[in-house]
Structures are given as structure tokens and as C-alpha cells.
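Source file work09.cif; content: mmCIF, C-alpha atoms and all ligand atoms.
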```cif
data_query
loop_
_atom_site.label_atom_id
_atom_site.label_comp_id
_atom_site.auth_asym_id
_atom_site.auth_seq_id
_atom_site.Cartn_x
_atom_site.Cartn_y
_atom_site.Cartn_z
CA MET N 692 148.74 155.51 49.82
CA THR N 693 147.71 157.00 46.45
CA THR N 694 150.16 158.09 43.72
CA GLU N 695 149.02 161.65 44.32
CA GLN N 696 150.13 161.46 47.95
CA THR N 697 153.54 159.97 47.16
CA ALA N 698 154.40 161.99 44.03
CA PRO N 699 156.88 164.82 44.69
CA GLN N 700 155.10 168.17 44.88
CA PRO N 701 157.64 170.91 44.22
CA TRP N 702 154.89 173.52 43.78
CA ARG N 703 153.69 172.79 47.25
CA VAL N 704 157.17 173.53 48.56
CA ILE N 705 157.48 176.66 46.42
CA GLU N 706 154.18 177.90 47.81
CA ILE N 707 155.33 177.26 51.38
CA VAL N 708 158.63 179.06 50.82
CA GLY N 709 156.83 182.06 49.30
CA GLY N 710 154.30 182.10 52.13
CA TYR N 711 156.01 185.04 53.86
CA ARG N 712 154.54 187.29 51.13
CA ARG N 713 151.00 186.61 52.39
CA ALA N 714 151.95 187.78 55.86
CA LEU N 715 153.72 190.87 54.55
CA ALA N 716 150.85 191.76 52.20
CA VAL N 717 148.39 191.76 55.12
CA LEU N 718 150.75 193.63 57.44
CA GLY N 719 151.59 196.17 54.72
CA ALA N 720 147.92 196.81 53.94
CA TRP N 721 147.19 197.17 57.65
CA ARG N 722 150.06 199.64 58.20
CA ALA N 723 148.91 201.64 55.13
CA ASP N 724 145.34 201.89 56.60
CA VAL N 725 143.81 200.05 53.65
CA PHE N 726 141.45 198.06 55.91
CA THR N 727 140.51 201.16 57.92
CA GLU N 728 139.59 203.04 54.76
CA LEU N 729 137.65 200.16 53.17
CA ASP N 730 135.67 199.75 56.40
CA LYS N 731 134.00 203.08 55.56
CA GLY N 732 132.49 201.54 52.43
CA PRO N 733 133.50 200.21 48.99
CA ARG N 734 136.24 202.23 47.24
CA THR N 735 137.90 201.98 43.82
CA ASP N 736 141.69 201.65 43.71
CA ARG N 737 141.81 205.23 42.40
CA GLN N 738 139.81 206.59 45.32
CA LEU N 739 141.84 204.59 47.83
CA ALA N 740 145.19 205.55 46.33
CA GLY N 741 144.17 209.22 46.36
CA LYS N 742 142.99 209.11 49.95
CA LEU N 743 145.98 207.16 51.29
CA GLY N 744 148.66 208.77 49.11
CA LEU N 745 149.62 205.44 47.47
CA HIS N 746 150.71 204.40 43.98
CA GLN N 747 147.49 203.29 42.25
CA GLU N 748 148.86 200.30 40.33
CA ALA N 749 150.95 198.98 43.21
CA LEU N 750 147.87 199.31 45.41
CA ARG N 751 145.77 197.45 42.84
CA ASP N 752 148.21 194.52 42.95
CA LEU N 753 147.98 194.50 46.72
CA LEU N 754 144.16 194.60 46.65
CA HIS N 755 144.10 191.67 44.21
CA ALA N 756 146.44 189.74 46.52
CA LEU N 757 144.12 190.51 49.46
CA ALA N 758 141.19 189.29 47.34
CA GLY N 759 143.10 186.02 46.86
CA LEU N 760 143.46 185.83 50.63
CA ASP N 761 139.68 186.31 51.04
CA LEU N 762 140.08 189.62 52.87
CA VAL N 763 138.54 191.89 50.19
CA THR N 764 136.15 191.44 47.28
CA LEU N 765 136.00 193.30 43.99
CA GLY N 766 132.51 194.43 42.91
CA ALA N 767 131.26 194.77 39.30
CA ASP N 768 131.52 198.58 39.66
CA GLY N 769 135.26 198.37 40.41
CA GLY N 770 134.75 198.98 44.13
CA TYR N 771 136.72 196.94 46.66
CA ALA N 772 135.03 195.95 49.91
CA LEU N 773 136.09 194.06 53.05
CA THR N 774 135.03 190.47 53.67
CA PRO N 775 133.88 189.57 57.22
CA HIS N 776 137.36 188.02 57.90
CA ALA N 777 138.95 191.45 57.58
CA ALA N 778 136.98 192.99 60.48
CA CYS N 779 139.74 192.00 62.92
CA LEU N 780 142.14 194.19 60.90
CA VAL N 781 140.12 197.38 61.42
CA PRO N 782 141.09 199.52 64.45
CA GLY N 783 138.17 199.96 66.84
CA ARG N 784 136.18 196.99 65.55
CA PRO N 785 135.34 194.24 68.11
CA GLY N 786 138.04 191.56 68.00
CA TYR N 787 140.63 193.93 66.48
CA ILE N 788 144.05 192.20 66.55
CA GLY N 789 146.32 195.22 66.02
CA GLY N 790 148.45 194.32 69.06
CA PHE N 791 149.09 190.86 67.66
CA LEU N 792 149.98 192.27 64.23
CA ASP N 793 152.33 194.83 65.74
CA ASN N 794 154.00 192.18 67.90
CA GLN N 795 154.48 189.87 64.92
CA GLU N 796 155.93 192.67 62.80
CA THR N 797 158.20 194.32 65.35
CA GLU N 798 159.28 191.36 67.52
CA VAL N 799 158.67 187.95 65.97
CA HIS N 800 159.51 188.57 62.29
CA PRO N 801 162.88 190.22 63.09
CA ALA N 802 163.67 187.39 65.52
CA TRP N 803 163.21 184.82 62.70
CA SER N 804 166.01 186.50 60.74
CA GLY N 805 168.31 184.85 63.30
CA LEU N 806 167.19 181.27 62.64
CA ALA N 807 170.54 180.20 61.16
CA ASP N 808 172.40 181.47 64.24
CA THR N 809 169.89 179.99 66.66
CA LEU N 810 170.22 176.62 64.94
CA ARG N 811 173.97 176.72 65.58
CA THR N 812 173.98 178.23 69.07
CA GLY N 813 170.53 177.52 70.51
CA LEU N 814 170.54 181.17 71.66
CA PRO N 815 168.02 183.90 70.83
CA THR N 816 168.50 186.39 68.02
CA PRO N 817 170.54 189.25 69.51
CA ARG N 818 168.60 192.46 69.93
CA GLN N 819 170.14 195.81 69.33
CA GLU N 820 169.09 197.58 72.48
CA ASP N 821 169.02 194.88 75.11
CA ASP N 822 168.90 191.19 75.71
CA ARG N 823 165.62 190.73 77.54
CA PRO N 824 162.35 190.21 75.66
CA TYR N 825 160.17 192.26 78.00
CA ASP N 826 162.23 195.40 77.40
CA LEU N 827 159.55 196.07 74.80
CA TYR N 828 157.48 197.41 77.74
CA ALA N 829 159.64 200.55 77.66
CA SER N 830 157.38 201.71 74.81
CA GLU N 831 153.85 202.27 76.07
CA GLU N 832 152.38 201.64 72.62
CA ARG N 833 154.19 198.33 72.13
CA ARG N 834 153.42 197.26 75.69
CA ASP N 835 149.70 197.87 75.19
CA GLY N 836 149.83 196.07 71.85
CA PHE N 837 151.56 193.08 73.42
CA VAL N 838 149.01 192.92 76.23
CA ASP N 839 146.17 193.07 73.67
CA ALA N 840 147.78 190.19 71.77
CA MET N 841 148.13 188.11 74.97
CA ASP N 842 144.48 188.72 75.87
CA PHE N 843 143.34 187.70 72.41
CA ILE N 844 145.22 184.41 72.71
CA VAL N 845 144.23 183.70 76.30
CA ALA N 846 140.47 184.47 76.01
CA PRO N 847 139.28 181.00 74.86
CA LEU N 848 141.67 179.26 77.27
CA ALA N 849 140.44 181.43 80.16
CA ARG N 850 136.85 180.33 79.57
CA GLN N 851 137.92 176.69 79.66
CA ILE N 852 139.82 177.23 82.94
CA ALA N 853 136.83 179.07 84.43
CA ASP N 854 134.63 176.05 83.59
CA ARG N 855 136.67 173.86 85.97
CA ASP N 856 135.44 173.16 89.51
CA TRP N 857 136.67 176.09 91.67
CA SER N 858 134.47 175.31 94.69
CA GLY N 859 137.45 174.00 96.72
CA PHE N 860 139.53 177.21 96.26
CA ARG N 861 139.03 180.64 97.79
CA SER N 862 141.99 182.42 96.19
CA VAL N 863 143.89 182.21 92.91
CA LEU N 864 147.16 183.84 91.82
CA ASP N 865 147.94 184.19 88.11
CA VAL N 866 151.73 184.50 87.84
CA GLY N 867 152.63 186.45 84.69
CA GLY N 868 148.93 187.20 84.42
CA ALA N 869 149.50 190.42 82.43
CA ARG N 870 146.65 192.94 82.83
CA GLY N 871 144.38 190.39 84.52
CA SER N 872 142.29 188.94 81.72
CA LEU N 873 142.25 185.38 83.13
CA ALA N 874 142.04 186.58 86.76
CA THR N 875 139.01 188.71 85.86
CA THR N 876 137.32 185.86 83.97
CA LEU N 877 137.76 183.63 87.04
CA ALA N 878 136.58 186.28 89.52
CA GLU N 879 133.51 187.05 87.40
CA ALA N 880 132.61 183.38 86.94
CA HIS N 881 133.13 182.48 90.64
CA PRO N 882 131.93 185.17 93.06
CA HIS N 883 133.54 183.39 96.05
CA LEU N 884 137.06 183.69 94.52
CA ARG N 885 139.67 186.38 95.18
CA ALA N 886 141.96 186.62 92.17
CA ALA N 887 145.42 188.19 92.07
CA VAL N 888 147.96 188.82 89.33
CA PHE N 889 151.73 188.88 89.83
CA ASP N 890 153.51 190.63 86.96
CA LEU N 891 156.12 193.26 86.13
CA PRO N 892 155.42 196.78 87.51
CA ALA N 893 155.09 198.10 83.93
CA LEU N 894 151.74 196.28 83.62
CA GLU N 895 150.10 197.68 86.76
CA PRO N 896 148.53 200.71 84.96
CA ALA N 897 147.10 198.36 82.30
CA PHE N 898 145.65 196.12 85.06
CA THR N 899 144.12 199.15 86.82
CA ARG N 900 142.49 200.35 83.59
CA PHE N 901 141.29 196.84 82.67
CA THR N 902 139.69 196.06 86.05
CA ALA N 903 138.32 199.53 86.95
CA GLY N 904 134.55 199.62 87.31
CA ARG N 905 134.05 195.86 87.10
CA ALA N 906 131.71 194.20 89.56
CA SER N 907 134.59 191.93 90.62
CA ALA N 908 137.13 194.81 91.06
CA ASP N 909 137.19 194.54 94.87
CA ARG N 910 138.27 190.88 94.57
CA LEU N 911 141.06 191.61 92.08
CA THR N 912 144.61 192.59 93.13
CA PHE N 913 147.84 193.31 91.28
CA HIS N 914 151.21 192.40 92.85
CA ALA N 915 154.08 194.11 91.05
CA GLY N 916 157.44 192.34 91.06
CA ASP N 917 159.99 190.17 89.33
CA PHE N 918 159.14 186.50 89.66
CA PHE N 919 162.83 185.54 89.51
CA THR N 920 163.81 187.64 92.52
CA ASP N 921 160.65 188.40 94.55
CA PRO N 922 158.61 185.91 96.59
CA LEU N 923 155.13 185.17 95.25
CA PRO N 924 152.07 185.84 97.42
CA ARG N 925 150.28 182.70 98.63
CA ALA N 926 147.02 181.39 97.15
CA ASP N 927 144.97 178.18 97.05
CA ALA N 928 145.50 177.90 93.29
CA VAL N 929 148.49 179.27 91.41
CA ILE N 930 148.56 179.52 87.60
CA LEU N 931 151.56 179.74 85.26
CA GLY N 932 150.11 180.25 81.78
CA HIS N 933 152.25 180.92 78.70
CA VAL N 934 155.07 181.82 81.07
CA LEU N 935 157.41 178.82 81.26
CA HIS N 936 157.88 178.80 77.47
CA ASN N 937 159.65 182.17 77.66
CA TRP N 938 162.58 180.75 79.62
CA PRO N 939 165.19 177.99 79.45
CA GLU N 940 164.77 174.88 81.57
CA ASP N 941 166.72 175.98 84.67
CA ALA N 942 164.61 179.18 84.90
CA ARG N 943 161.42 177.12 84.38
CA ARG N 944 162.29 174.82 87.24
CA SER N 945 163.09 177.77 89.48
CA LEU N 946 159.70 179.35 88.64
CA ILE N 947 157.93 176.08 89.41
CA ARG N 948 159.70 175.91 92.79
CA SER N 949 158.59 179.49 93.65
CA ALA N 950 155.06 178.77 92.48
CA ALA N 951 155.00 175.50 94.48
CA GLU N 952 155.93 177.42 97.65
CA ALA N 953 153.12 179.89 97.00
CA VAL N 954 150.42 177.18 96.79
CA ASN N 955 148.57 176.71 100.10
CA PRO N 956 148.41 173.11 101.45
CA GLY N 957 145.55 171.28 99.73
CA GLY N 958 145.77 173.67 96.78
CA ALA N 959 146.83 173.24 93.17
CA LEU N 960 149.31 174.50 90.58
CA LEU N 961 147.96 174.86 87.02
CA ILE N 962 150.32 175.23 84.05
CA TYR N 963 149.19 175.84 80.47
CA ASP N 964 151.28 176.26 77.35
CA ALA N 965 151.41 175.02 73.76
CA MET N 966 153.29 171.97 75.01
CA LEU N 967 154.97 169.45 72.74
CA ASP N 968 154.21 165.80 72.27
CA GLU N 969 157.17 163.64 71.24
CA ASP N 970 155.09 161.17 69.21
CA THR N 971 152.78 163.58 67.38
CA PRO N 972 154.48 166.89 66.55
CA ARG N 973 152.06 169.73 65.77
CA LEU N 974 153.15 172.31 63.23
CA VAL N 975 151.73 175.26 65.15
CA ASN N 976 153.41 174.31 68.44
CA SER N 977 156.75 173.58 66.78
CA LEU N 978 156.70 177.00 65.07
CA LEU N 979 155.81 178.62 68.40
CA SER N 980 158.73 176.82 69.99
CA LEU N 981 161.05 178.33 67.38
CA ASP N 982 159.44 181.76 68.01
CA MET N 983 160.41 181.40 71.65
CA ARG N 984 163.94 180.14 70.98
CA MET N 985 164.69 183.11 68.74
CA TRP N 986 162.69 185.76 70.59
CA SER N 987 163.23 185.02 74.28
CA GLY N 988 165.65 182.11 74.59
CA GLY N 989 162.89 179.79 75.84
CA SER N 990 160.99 177.11 73.94
CA GLN N 991 157.89 174.98 74.18
CA TYR N 992 158.48 171.80 76.20
CA LEU N 993 157.16 168.28 76.46
CA ALA N 994 153.95 167.85 78.43
CA ASP N 995 155.55 164.74 79.97
CA ASP N 996 158.45 166.89 81.25
CA CYS N 997 155.97 169.31 82.81
CA VAL N 998 154.28 166.41 84.61
CA SER N 999 157.72 165.29 85.92
CA TRP N 1000 158.65 168.82 87.11
CA LEU N 1001 155.41 169.05 89.12
CA THR N 1002 155.89 165.59 90.57
CA GLU N 1003 159.48 166.48 91.57
CA ALA N 1004 158.17 169.68 93.18
CA GLY N 1005 156.00 167.54 95.50
CA PHE N 1006 152.63 167.69 93.69
CA ARG N 1007 150.44 164.58 93.62
CA ASP N 1008 147.87 163.20 91.14
CA VAL N 1009 149.32 165.36 88.37
CA GLU N 1010 146.75 165.50 85.53
CA ARG N 1011 147.22 166.49 81.93
CA HIS N 1012 144.36 167.84 79.82
CA ALA N 1013 143.95 169.03 76.23
CA HIS N 1014 143.40 172.79 76.41
CA GLY N 1015 142.06 174.93 73.57
CA ALA N 1016 143.00 174.08 69.99
CA SER N 1017 146.61 173.01 70.60
CA SER N 1018 147.56 173.73 74.22
CA SER N 1019 147.89 171.48 77.23
CA LEU N 1020 146.90 172.12 80.83
CA VAL N 1021 148.83 170.29 83.54
CA VAL N 1022 147.42 170.38 87.09
CA GLY N 1023 149.24 169.22 90.23
CA HIS N 1024 147.68 168.91 93.69
CA LYS N 1025 149.58 169.84 96.85
CA PRO N 1026 149.01 167.50 99.78
CA ALA N 1027 146.92 169.10 102.57
C1 LIG J 1101 153.64 185.38 77.36
S1 LIG J 1101 153.00 186.34 78.63
C2 LIG J 1101 151.69 185.34 79.27
C3 LIG J 1101 150.51 186.15 79.71
C4 LIG J 1101 149.29 185.35 80.16
N1 LIG J 1101 149.57 184.55 81.33
C5 LIG J 1101 148.75 184.49 79.04
O1 LIG J 1101 148.44 183.33 79.27
O2 LIG J 1101 148.64 184.96 77.91
C6 LIG J 1101 154.21 186.25 79.92
C7 LIG J 1101 153.92 187.18 81.08
O3 LIG J 1101 155.00 187.08 82.02
C8 LIG J 1101 155.31 188.40 82.49
N2 LIG J 1101 156.71 188.44 82.94
C9 LIG J 1101 157.81 188.33 82.17
N3 LIG J 1101 158.92 188.40 82.93
C10 LIG J 1101 158.50 188.58 84.21
C11 LIG J 1101 159.17 188.71 85.45
N4 LIG J 1101 160.50 188.68 85.52
N5 LIG J 1101 158.43 188.86 86.57
C12 LIG J 1101 157.05 188.89 86.51
N6 LIG J 1101 156.36 188.75 85.34
C13 LIG J 1101 157.08 188.60 84.22
C14 LIG J 1101 155.07 189.28 81.28
O4 LIG J 1101 154.89 190.63 81.63
C15 LIG J 1101 153.82 188.65 80.68
O5 LIG J 1101 152.65 189.18 81.22
#
```

Structure translated into C-alpha cells:
Amino acid sequence: MTTEQTAPQPWRVIEIVGGYRRALAVLGAWRADVFTELDKGPRTDRQLAGKLGLHQEALRDLLHALAGLDLVTLGADGGYALTPHAACLVPGRPGYIGGFLDNQETEVHPAWSGLADTLRTGLPTPRQEDDRPYDLYASEERRDGFVDAMDFIVAPLARQIADRDWSGFRSVLDVGGARGSLATTLAEAHPHLRAAVFDLPALEPAFTRFTAGRASADRLTFHAGDFFTDPLPRADAVILGHVLHNWPEDARRSLIRSAAEAVNPGGALLIYDAMLDEDTPRLVNSLLSLDMRMWSGGSQYLADDCVSWLTEAGFRDVERHAHGASSSLVVGHKPA
């Protein structure tokens, strides 16, 4: 180990602790339409401030901070322009992540204000209106934003799941499958598959809009219900993706039991999440686990525990795979 590695680095810690300012600078610029306006072409701070009704010098500081974050550049003529990284911050551009930004700002950031309490109690940050995380669906705008954010996260994982061998399955049920992004990817990649989603009734209109007009639409179905109280429809393969982490362990086990009943003999249960590994903690998964503890009362969980839950539920040959950048996929097979 070199001296550089072992020497205390207080500036590194100071930078980490001040890191929230980077997030708030980007969110603030996004909310103030700075990225939308710069997407129309280079603008000086004066032009931008005039157009957006902002204080010119405060805006200049923000633009310089965004330049430091590699989201804008400053030209010799005093005009600011977007870098390619900023395209995802412009409404209407392909890959726009507005739903993710909105979810971070309105749900996740406020939840983190309760870290001290959660550390003492293990319970989520109390909400003002209600206790359940998916009450956010009461607002159509926030619901659509949340669904966008889920799709953005699930897209690369969906492709990896679609690349598996589906020749032995004729039907798949995605439990908590939102507006059907994964179900649609599977149905489009495998024309012999019928794909269904089971999710809260609030998401049915989003599913209908998302699947309308697709070549696979006649093989896609939405089942509206509450997976804690309603039975799940049967399928050869059942998927629980980014669902178990929303709930505490007793609820997770109950969901696995319901999903196990829904799997046809000879079929499989697939579970993916940003699971934890006791020996090699990953920063991103540990932070996500805290997100869940404070936001929903769930957490990420050990991949080994997931393997045990499936084995206890009667699945055989339970496999564990690396999935995407930091997720795991656990697959259990139900005896025929
Ligand atoms: C974190 S999202 C995961 C979405 C998607 N499977 C993915 O991988 O991104 C959890 C999903 O569970 C659904 N959900 C939450 N509570 C539910 C309930 N009680 N019954 C049915 N679905 C529920 C939510 O609407 C949401 O679509």
C-alpha cells in the first residue's frame, strides 16, 4: 500500500459530504428549464436569465457549476451550450429521465431526511399524507414519472432476461410489472410467449397506452389487483423484479409463497433485485438499500437469503446470476 493510499484525506471526505450540492444543482437547473432552453442553441447568461426570469449572476454561478459537472460548456463568445451528457435532461429528447429526477426530488430526497430516525427505529421516514409508498399513484403526473423511471432502470435488465432460453415456457407473468416494459420485451423477443402483468389498478391505463398498437399486443394482458390480498394468475414462468426490496422480510416471504403457487409444474420463478453480498459490499446497492428502508420500509437483501427462500418454497436447482451492472438474478425451478 502506498503512502498516498494510507494518508488521511480530509478533502475527500469534505467533497463527499458536500456532494448533495451537485444533485441539487442539476435538479434546480432542470426545474428552472435551463436544459430545455439551452437545447434550442447556445445562449449567454444574460439571454437565458431574461428568457427564464432568473437572476443573472446566480444563474451564471449555476452554469459554471454545471460546466464543472460536464453538462454544459462555455464558448469563447460567452454562449453556454449543452454537452451530450445533458440530453437526458431535456424533455422530449430520447432517453429523457424526467421521471427519475422527479422521483428522486419528491420521494427519495425527502425520505433521506429521516435517516437518523430510521437508524434508531429501522422504520421508514413518516410521510405526511399516508404510510404507503405507492400512494404517490394518486397523482397522475407523479405516477407517470415513477413508471418512466422504472422503465429506464429495467430496460437493460429486460434485454438480458429476454436473452435467456424461453423455449420451454409458453406463458410468463411479471408480478409488479408496472406498465409492461419487461413483459413487452419478452413477448416481442419470443413470438410463442404470452406475457401478463399483475400490478395495482392505477397502472392499467399506463399499460394500455404502452402496449396499444404493438405487434405483440394480443399476447399481452394486464391483471389488476393487490398482490398481498389477491391470488396471482398462473403461468409457466413468474417474475418478481425490483419488488421484494420494497417490503420487509415477512411480506417478501408471503409474496414468494403466492408467486410459487402461481408457477405451473415444470416452470420457474425468477427474482431480480440489487441484492447484497455479505463479503463484498457495493456502494450503489447499499445506498439503494437505505433508499428502501427510508422510503418504503423494505431493503435490499442477501442473494444467499433469496436462494434459501426459493429452496424453502419448494424450488429446485436454484441458480444465481450476475444481472446488469450491480443486480442479481435468482432462478428456481418447480418440479414437474
Ligand atoms: C419498484 S417497482 C418494480 C417495477 C418493475 N418490475 C421493475 O423491475 O422495474 C414495484 C412494482 O410493484 C407494484 N406494486 C406495489 N405494491 C403492489 C401491490 N400491493 N400489488 C400489486 N403491485 C404492487 C408497483 O406498482 C410497481 O410497479

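Ranking N:His1024, N:Arg984, N:His1014, N:His881 by their shortest atom-to-atom distance to Gly958 of chain N, with all atoms listed in the file included, puts N:His1024 first.
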
### Query
What is the distance, in Å and to one decimal place, between atom CA of Gly868 of chain N and atom CA of His914 of chain N?
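For atom CA of Gly868 of chain N relative to atom CA of His914 of chain N, the distance reads 10.2 Å.
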
Counting all atoms listed in the file, which residues of segment 716-746 of chain N fall within 7 Å of segment 767-783 of chain N, and what is the closest atom pair for each with its distance in Å at one decimal, ordered by chain and rising number, as JSON lines?
```
{"residue": "N:Trp721", "atom": "CA", "partner": "N:Leu780", "partner_atom": "CA", "distance": 6.7}
{"residue": "N:Phe726", "atom": "CA", "partner": "N:Val781", "partner_atom": "CA", "distance": 5.7}
{"residue": "N:Thr727", "atom": "CA", "partner": "N:Val781", "partner_atom": "CA", "distance": 5.2}
{"residue": "N:Leu729", "atom": "CA", "partner": "N:Ala772", "partner_atom": "CA", "distance": 5.9}
{"residue": "N:Asp730", "atom": "CA", "partner": "N:Leu773", "partner_atom": "CA", "distance": 6.6}
{"residue": "N:Gly732", "atom": "CA", "partner": "N:Ala772", "partner_atom": "CA", "distance": 6.6}
{"residue": "N:Pro733", "atom": "CA", "partner": "N:Ala772", "partner_atom": "CA", "distance": 4.6}
{"residue": "N:Arg734", "atom": "CA", "partner": "N:Gly770", "partner_atom": "CA", "distance": 4.7}
{"residue": "N:Thr735", "atom": "CA", "partner": "N:Gly770", "partner_atom": "CA", "distance": 4.4}
```

### Query
Would you name the residues within 6 Å of ligand LIG 1101 (chain J), counting all atoms listed in the file, and put them as a ChimeraX atom specification?
/N:841-842,845,867-869,890-891,916-919,932-934

Expected file: the selected residues, C-alpha atoms, as a CSV table (one decimal), in the coordinates of the input:
```csv
chain,number,residue,atom,x,y,z
N,841,MET,CA,148.1,188.1,75.0
N,842,ASP,CA,144.5,188.7,75.9
N,845,VAL,CA,144.2,183.7,76.3
N,867,GLY,CA,152.6,186.4,84.7
N,868,GLY,CA,148.9,187.2,84.4
N,869,ALA,CA,149.5,190.4,82.4
N,890,ASP,CA,153.5,190.6,87.0
N,891,LEU,CA,156.1,193.3,86.1
N,916,GLY,CA,157.4,192.3,91.1
N,917,ASP,CA,160.0,190.2,89.3
N,918,PHE,CA,159.1,186.5,89.7
N,919,PHE,CA,162.8,185.5,89.5
N,932,GLY,CA,150.1,180.2,81.8
N,933,HIS,CA,152.2,180.9,78.7
N,934,VAL,CA,155.1,181.8,81.1
```

### Task
Enumerate, as a ChimeraX atom specification, the protein, DNA and RNA residues whose atoms approach (157.1, 180.3, 71.5) to within 12 Å, taking into account only C-alpha atoms and the coordinate frame of the file.
/N:795,798-799,802-803,815,824,933-939,964-967,975-992,1018

#### Entry: Closest of N:Leu754, N:Leu884, N:Arg713, N:Leu814 to Trp857 of chain N - atom-to-atom distances counting only C-alpha atoms
N:Leu884

## Note on the structure
Min atom-atom distance to Thr1002 of chain N from the set N:Pro972, N:Leu960, N:Val888, N:Ala714, counting all atoms listed in the file, belongs to N:Leu960

### Message
Report, in Å to a single decimal, how far apart atom CA of Ala897 of chain N and atom CA of Leu792 of chain N are.
### Response
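Pair atom CA of Leu792 of chain N / atom CA of Ala897 of chain N returns 19.3 Å.
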
## Note on the structure
Separating atom CA of Ile930 of chain N from atom CA of Gly786 of chain N, to the nearest tenth of an Å, is a gap of 25.3 Å

### Top pick for closest residue to Phe860 of chain N, considering N:Ile705, N:Leu762, N:Ala886, N:Leu715 and counting only C-alpha atoms
N:Ala886

Missing atoms in segment 731-743 of chain N need filling: write out N, CA and C atoms for it as a PDB file, in the frame of the given file.
```
ATOM      1  N   LYS N 731     134.974 201.978  55.693  1.00  0.00           N
ATOM      2  CA  LYS N 731     134.000 203.080  55.560  1.00  0.00           C
ATOM      3  C   LYS N 731     133.037 202.832  54.413  1.00  0.00           C
ATOM      4  N   GLY N 732     133.363 201.853  53.566  1.00  0.00           N
ATOM      5  CA  GLY N 732     132.490 201.540  52.430  1.00  0.00           C
ATOM      6  C   GLY N 732     133.350 201.196  51.224  1.00  0.00           C
ATOM      7  N   PRO N 733     132.732 200.599  50.175  1.00  0.00           N
ATOM      8  CA  PRO N 733     133.500 200.210  48.990  1.00  0.00           C
ATOM      9  C   PRO N 733     134.207 201.410  48.369  1.00  0.00           C
ATOM     10  N   ARG N 734     135.441 201.172  47.867  1.00  0.00           N
ATOM     11  CA  ARG N 734     136.240 202.230  47.240  1.00  0.00           C
ATOM     12  C   ARG N 734     136.930 201.630  46.017  1.00  0.00           C
ATOM     13  N   THR N 735     137.090 202.443  44.963  1.00  0.00           N
ATOM     14  CA  THR N 735     137.900 201.980  43.820  1.00  0.00           C
ATOM     15  C   THR N 735     139.377 202.146  44.206  1.00  0.00           C
ATOM     16  N   ASP N 736     140.259 201.504  43.410  1.00  0.00           N
ATOM     17  CA  ASP N 736     141.690 201.650  43.710  1.00  0.00           C
ATOM     18  C   ASP N 736     142.113 203.110  43.555  1.00  0.00           C
ATOM     19  N   ARG N 737     141.467 203.811  42.617  1.00  0.00           N
ATOM     20  CA  ARG N 737     141.810 205.230  42.400  1.00  0.00           C
ATOM     21  C   ARG N 737     141.456 206.065  43.640  1.00  0.00           C
ATOM     22  N   GLN N 738     140.231 205.830  44.131  1.00  0.00           N
ATOM     23  CA  GLN N 738     139.810 206.590  45.320  1.00  0.00           C
ATOM     24  C   GLN N 738     140.721 206.289  46.518  1.00  0.00           C
ATOM     25  N   LEU N 739     141.007 204.991  46.684  1.00  0.00           N
ATOM     26  CA  LEU N 739     141.840 204.590  47.830  1.00  0.00           C
ATOM     27  C   LEU N 739     143.239 205.175  47.721  1.00  0.00           C
ATOM     28  N   ALA N 740     143.827 205.057  46.523  1.00  0.00           N
ATOM     29  CA  ALA N 740     145.190 205.550  46.330  1.00  0.00           C
ATOM     30  C   ALA N 740     145.238 207.054  46.601  1.00  0.00           C
ATOM     31  N   GLY N 741     144.210 207.778  46.132  1.00  0.00           N
ATOM     32  CA  GLY N 741     144.170 209.220  46.360  1.00  0.00           C
ATOM     33  C   GLY N 741     144.086 209.529  47.848  1.00  0.00           C
ATOM     34  N   LYS N 742     143.214 208.822  48.531  1.00  0.00           N
ATOM     35  CA  LYS N 742     142.990 209.110  49.950  1.00  0.00           C
ATOM     36  C   LYS N 742     144.228 208.760  50.798  1.00  0.00           C
ATOM     37  N   LEU N 743     144.878 207.636  50.447  1.00  0.00           N
ATOM     38  CA  LEU N 743     145.980 207.160  51.290  1.00  0.00           C
ATOM     39  C   LEU N 743     147.353 207.597  50.784  1.00  0.00           C
TER      40      LEU N 743
END
```
